[in-house]
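*Asks:* Below you will find the structure I want to go over with you.
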Amino acid sequence: MNKKPTVKTSIPAVEEILSDLIKIQTVNPPGGETAAAHYLKKLFDKYHIENEIIEPEPGRGSFIAHLGQGEKKMLYLSHLDVVPVSEGWDFAAFSGEIKDGFVHGRGAIDCKGLVAVEACAAIQLAQSGKLNGQLIFAATADEEVGGALGAGILSAKYPDKIRADFAINEGDEPLTMNGKTYHALSVGEKGPAWMKLTARGISSHGSVPILEHNAVVKMAKVINGLAKYRPQIVLTPETKSLLQTIARLDGLFDEIHEGNVDYILGTLRDKTIVPYLSAITRMTISPDVVHGGVKTNIVPDSCEAQVDIRILPGQSWEYVLHELKDILGDVQTEPLQYHSPSFSSADSKYYRLVEETLKEYVGKEPILQTITTGATDSRYLREMDVPSYGIGVLTLNMDPALSESVHGKNEKIDIASLKLKTDFLVKLAQKYLAK
Ligand SMILES: [Zn+2]
């Protein structure tokens with residue numbers, strides 16, 4: 001007989017869940033997210049929350065849970081995989097050690113911290129039994145290398161399992177400006193348009209060089225051209241609003257327009273946020289890999305380069321080729337990775353609900369509408385017409401070292417931030433799915 005407990009099972013501590021998840025290694029590649037999905041399955045089973053693992057390839061499982069009944073639906077989204085670990089950490093990257101108020105290890109912020117917080121919030125909501133609608137919990141595989149085996153498969157093959165009125169996902173970390181912390185609500189993301197370039201030349205003896213035939217010289221000219229290229233400045237309503245807010249907070253009251261963006265950025269007192277603000281107001285181009293030549297005395301007949309290009313909403317692969325036509329000349333181009341930029345309007349009742357609830361937890365300072373420079377699973381939701389909003393760490397006093405540890409060394413998160421975000425997510429769901 002299936003006998004449900006009459007007393008409520010106590011809710012596990014969010015830091016314990018996070019510590020357990022960090023210990024389950026899910027570095028992508030190769031991934032191995034199914035082990036973390038099984039951990040969640042066991043946890044959600046304990047609280048009688050309906051759930052399943054979707055595993056398109058062995059080891060590459062995503063975990064989905066559903067609770068509540070009714071028409072309204074909201075989605076807690078996160079991902080189970082993490083990026084590799086480089087040398088030089090001050091502590092063991094997969095220890096999950098809980099010490100001095102922090103949980104230590106790869107994924108503490110990106111994104112197992114969010115998995116733990118959303119799991120804890122979902123369990124609290126399940127235990128409270130007061131939902132007039134459905135809460136979907138999805139922790140996906142494969143996000144760090146593009147999401148094809150995670151959110152990609154879910155949105156293509158099982159869209160009804162994750163379709164909601166809106167989604168909350170990972171997002172930009174709070175910005176620190178002039179020593180003060182401002183929280184961000186990510187409404188969009190740039191699209192990667194990673195490009196491989198191949199320059200061709202004619203091989204000959206290096207002692208009698210014909211430089212026009214030298215593929216490395218040809219590539220050097222292209223790279224120099226890319227470095228000198230000045231992209232057009234583009235303001236979406238959201239980036240305009242963000243810049244306007246930041247300028248006002250800094251005591252600048254100019255009306256922001258495309259023509260004065262660089263002037264405003266040059267005037268801001270806190271220079272640490274300028275590279276980010278520059279990146280979200282234009283296409284960026286970073287030539288990051290070059291290979292060419294085989295020997296000191298052989299004129300190379302081939303040189304390859306890889307360029308990290310990120311485009312804004314409204315721009316496309318064709319736009320990139322058109323803009324760079326003169327610089328690239330006869331160098332061959334090939335896409336290495338391409339995703340369209342995506343965004344969800346900030347002019348929506350869901351955005352307003354999230355913003356208003358955030359302010360209850362982080363104070364009355366303006367919430368910044370940000371565009372994420374990297375890619376997240378949110379774009380798959382946006383392609384399904386599900387507005388997706390991203391939120392980073394919630395804290396009353398952001399330590400910039402924490403943001404730098406994402407994809408870097410010494411990743412850790414403080415327990416107070418985990419608890420604050422859990423409370424916020426519970427409140428948000430209660431407000432939206434209230435009886
Ligand atoms: Zn992430």
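The way I read the labels, and the way they are meant: chains A, B, ... in the order of the structure tokens, residue 1 as the first residue of every chain, and ligand 1 as the first ligand shown, with later ones counted on from there.
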Within 9 Å of ligand 1, which residues show up when you count only C-alpha atoms and all ligand atoms? List them as a list in words, please.

*Replies:* Ser78, His79, Leu80, Asp81, Val82, Val83, Gly107, Ile109, Asp110, Cys111, Lys112, Glu143, Glu144, Glu170, Gly171, Ala375, Thr376, Asp377, Val406 and His407 of chain A

*Asks:* Residues near range 299-303 of chain A, anyone? I mean within 7 Å using only C-alpha atoms, not counting same-chain ones fewer than 2 positions away, as a list in words.

*Replies:*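 In the requested format, the answer is Thr198, Ala199, Arg200, Gly201, Ile202, Ser203, Ser204, His205, Gly206, Pro209, Asn214, Ala215, Val216, Met219, His291, Gly292, Gly293, Asn297 and Ala305 of chain A.
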
*Asks:* Could you give me, as a list in words, the residues within 7 Å of Ala151 in chain A, counting only C-alpha atoms and dropping anything in the same chain fewer than 3 positions from it?

*Replies:*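 Surrounding residues, per the criterion: Thr140, Gly147, Ala148, Leu154, Ser155, Asp377 and Tyr380 of chain A.
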
*Asks:* Enumerate as an MDAnalysis selection string all residues of range 194-326 of chain A assigned to helix (DSSP H, G or I) by DSSP on the backbone, naming them with the chain letters and numbers the document uses.

*Replies:* chainID A and resid 211:213 215:228 237:249 258:267 271:279 317:326

*Asks:* When distances are computed from only C-alpha atoms, which of A:Glu33, A:Glu118, A:Asp20, A:Asp262 shows the smallest separation from Lys421 in chain A?

*Replies:*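 Counting only C-alpha atoms, the residue closest to Lys421 in chain A is A:Glu118.
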